[in-house]
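Participant: This structure is in structure tokens; I'll ask about it shortly.
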Amino acid sequence: MKEPAHPSNHIGEPIAAILRSYAGEAEIRGTLCLQQLQEIYNQNWFNLFVPKALGGLELDLPEALAIQESIAWADGSTGWVVTLCSGANWFAGFITPETATELFSDKKVCLAGSGRPTGTAKTIHGGYVVSGSWQYATGAPHATAFTANCIVEKDGIALTNIDGSPLVQSFIFLREEVTIHNDWHTTGMVATASHSFAVEGLHVANNRCFTISAAQTVVHQAIYQYPFLQFAEATLSINTAGMAGRFIELAETVFNERANRKKIAPQSATIFLDRLTCAKQQLAEARKVFFNAVQHSWHACATQQPITPTMLQAVSRASNNLAETSLRVTDSLYPFCGLSAAETGTEINRVWRNLHTASQHMLLMPT
């Protein structure tokens with residue numbers, strides 16, 4: 001496979017400049033700026049995977065990943081919001097057509113939510129009574145609906161699957177049905193506004209629950225046959241590559257400025273230049289392996305061939321390696337970037353904080 005293109009090739013410098021120019025203000029506000037959101041709506045990025053029949057782009061997985069990397073390269077918080085919310089909008093393939101049509105009639109449709117089953121759903125005639133709270137709903141301020149997982153109960157007893165594990169059901173809540181708790185306080189990814197949300201005693205009809213399984217799809221599109229775990233790992237890890245790529249560019253610029261002012265000792269300059277070369281090579285190789293693994297598995301999926309366990313293991317390994325490599329090469333260069341890298345108002349510091357905050361996602365942790 002040839003070298004993956006630079007992230008700027010997929011969204012273009014003008015759009016990247018818009019996202020990046022408002023990143024500092026978005027961090028101060030604690031949520032994306034209207035100008036950033038408008039670009040997301042203009043490009044229809046929340047609907048990367050949504051069928052064209054519902055107004056989406058209906059992209060292949062490798063195409064969408066390239067765009068997600070590009071957005072993260074422009075601004076980490078915007079990239080993370082697009083990735084998480086487009087991932088939730090992906091659920092369009094599993095919900096009833098009537099519900100999907102209603103939700104996606106809004107041109108600004110954005111689903112936010114959580115995958116942890118921290119709620120309970122008590123069965124009643126025609127639906128459920130749901131209570132619970134869920135953390136880390138990226139994009140909560142501009143979400144039009146929320147998704148959440150709940151453990152299902154009947155007559156006060158938790159139901160189980162055949163293997164004895166708790167029966168978990170996914171639900172859709174309308175925005176006006178949830179309470180958002182502004183509790184997202186992190187060093188990075190500040191503008192993702194990944195707040196908690198809760199419902200209490202909410203009656204939810206059967207048409208607003210769904211199951212994420214290839215066997216439960218209601219849309220005949222290849223992306224809904226792709227395994228969710230590897231889908232999530234790939235979309236999250238590619239964000240780290242975008243941010244790491246941007247950090248390398250900024251580190252090189254900062255270093256050159258410091259070198260021109262003769263603030264770098266010759267021996268330190270030699271070490272930095274060696275690390276810079278190594279960082280570029282390592283990230284490039286990790287990206288190449290990643291896109292190759294994804295493309296291989298996607299080709300099988302798109303041509304209705306079996307996606308073998310070996311293919312899926314390769315995607316998981318490549319995703320994990322990409323995230324680890326992104327963090328490692330960034331940290332190898334950080335000590336040479338001076339105090340500007342530690343000042344919270346600078347882009348290089350924001351990229352560093354965003355990357356390190358993103359790295360705490362459970363699917364990106366080293367395995």
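Residues in the structure tokens are numbered from 1 in each chain, the chains being A, B, ... in the order shown, and ligands are numbered from 1 in the order shown.
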Need to verify the contact set: Asn349 in chain A, 9 Å, only C-alpha atoms, exclusion of same-chain residues closer than 6 positions in sequence. Can you return it as a list in words?

Facilitator: Phe247, Ser340, Ala341, Ala342 and Glu343 of chain A

Participant: Just want the 8 Å neighbourhood of range 19-28 of chain A, counted on only C-alpha atoms, with same-chain residues fewer than 5 positions away dropped. Output as an NGL selection string.

Facilitator: :A and (33 or 35-36 or 39 or 74-75 or 77-78 or 189-191 or 345 or 347)

Participant: Can you list, as a VMD selection string, every protein, DNA or RNA residue that comes within 9 Å of Leu84 in chain A when you count only C-alpha atoms, leaving out same-chain residues fewer than 6 positions away?

Facilitator: chain A and resid 46 111 to 113 137 to 139 232 235 to 236

Participant: Counting only C-alpha atoms, which residue out of A:Ala143, A:Cys337, A:Ile67, A:Ala148 sits closest to Lys263 in chain A?

Facilitator: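 Using only C-alpha atoms, the shortest distance to Lys263 in chain A belongs to A:Cys337.
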
Participant: Contacts of Thr99 in chain A at 9 Å or less, counting only C-alpha atoms, minus same-chain residues fewer than 5 places along, as a list in words?

Facilitator: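 Once the adjacent positions are removed, what remains is Ala92, Phe104, Asn207 and Arg208 of chain A.
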
Participant: Residues of range 170-216 of chain A in helix (DSSP H, G or I) according to DSSP, as a list in words?

Facilitator: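 Restricting range 170-216 of chain A to helix (DSSP H, G or I) produces Arg175, Glu176, Glu177, Val190, Ala191, Thr192, Asn206, Asn207, Arg208, Ala214, Ala215 and Gln216 of chain A.
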
Participant: For Asn149 in chain A, which residue among A:Thr217, A:Thr344, A:Ser86, A:Ser133 is the nearest when counting only C-alpha atoms?

Facilitator: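 Ranking A:Thr217, A:Thr344, A:Ser86, A:Ser133 by distance to Asn149 in chain A, first place goes to A:Ser133.
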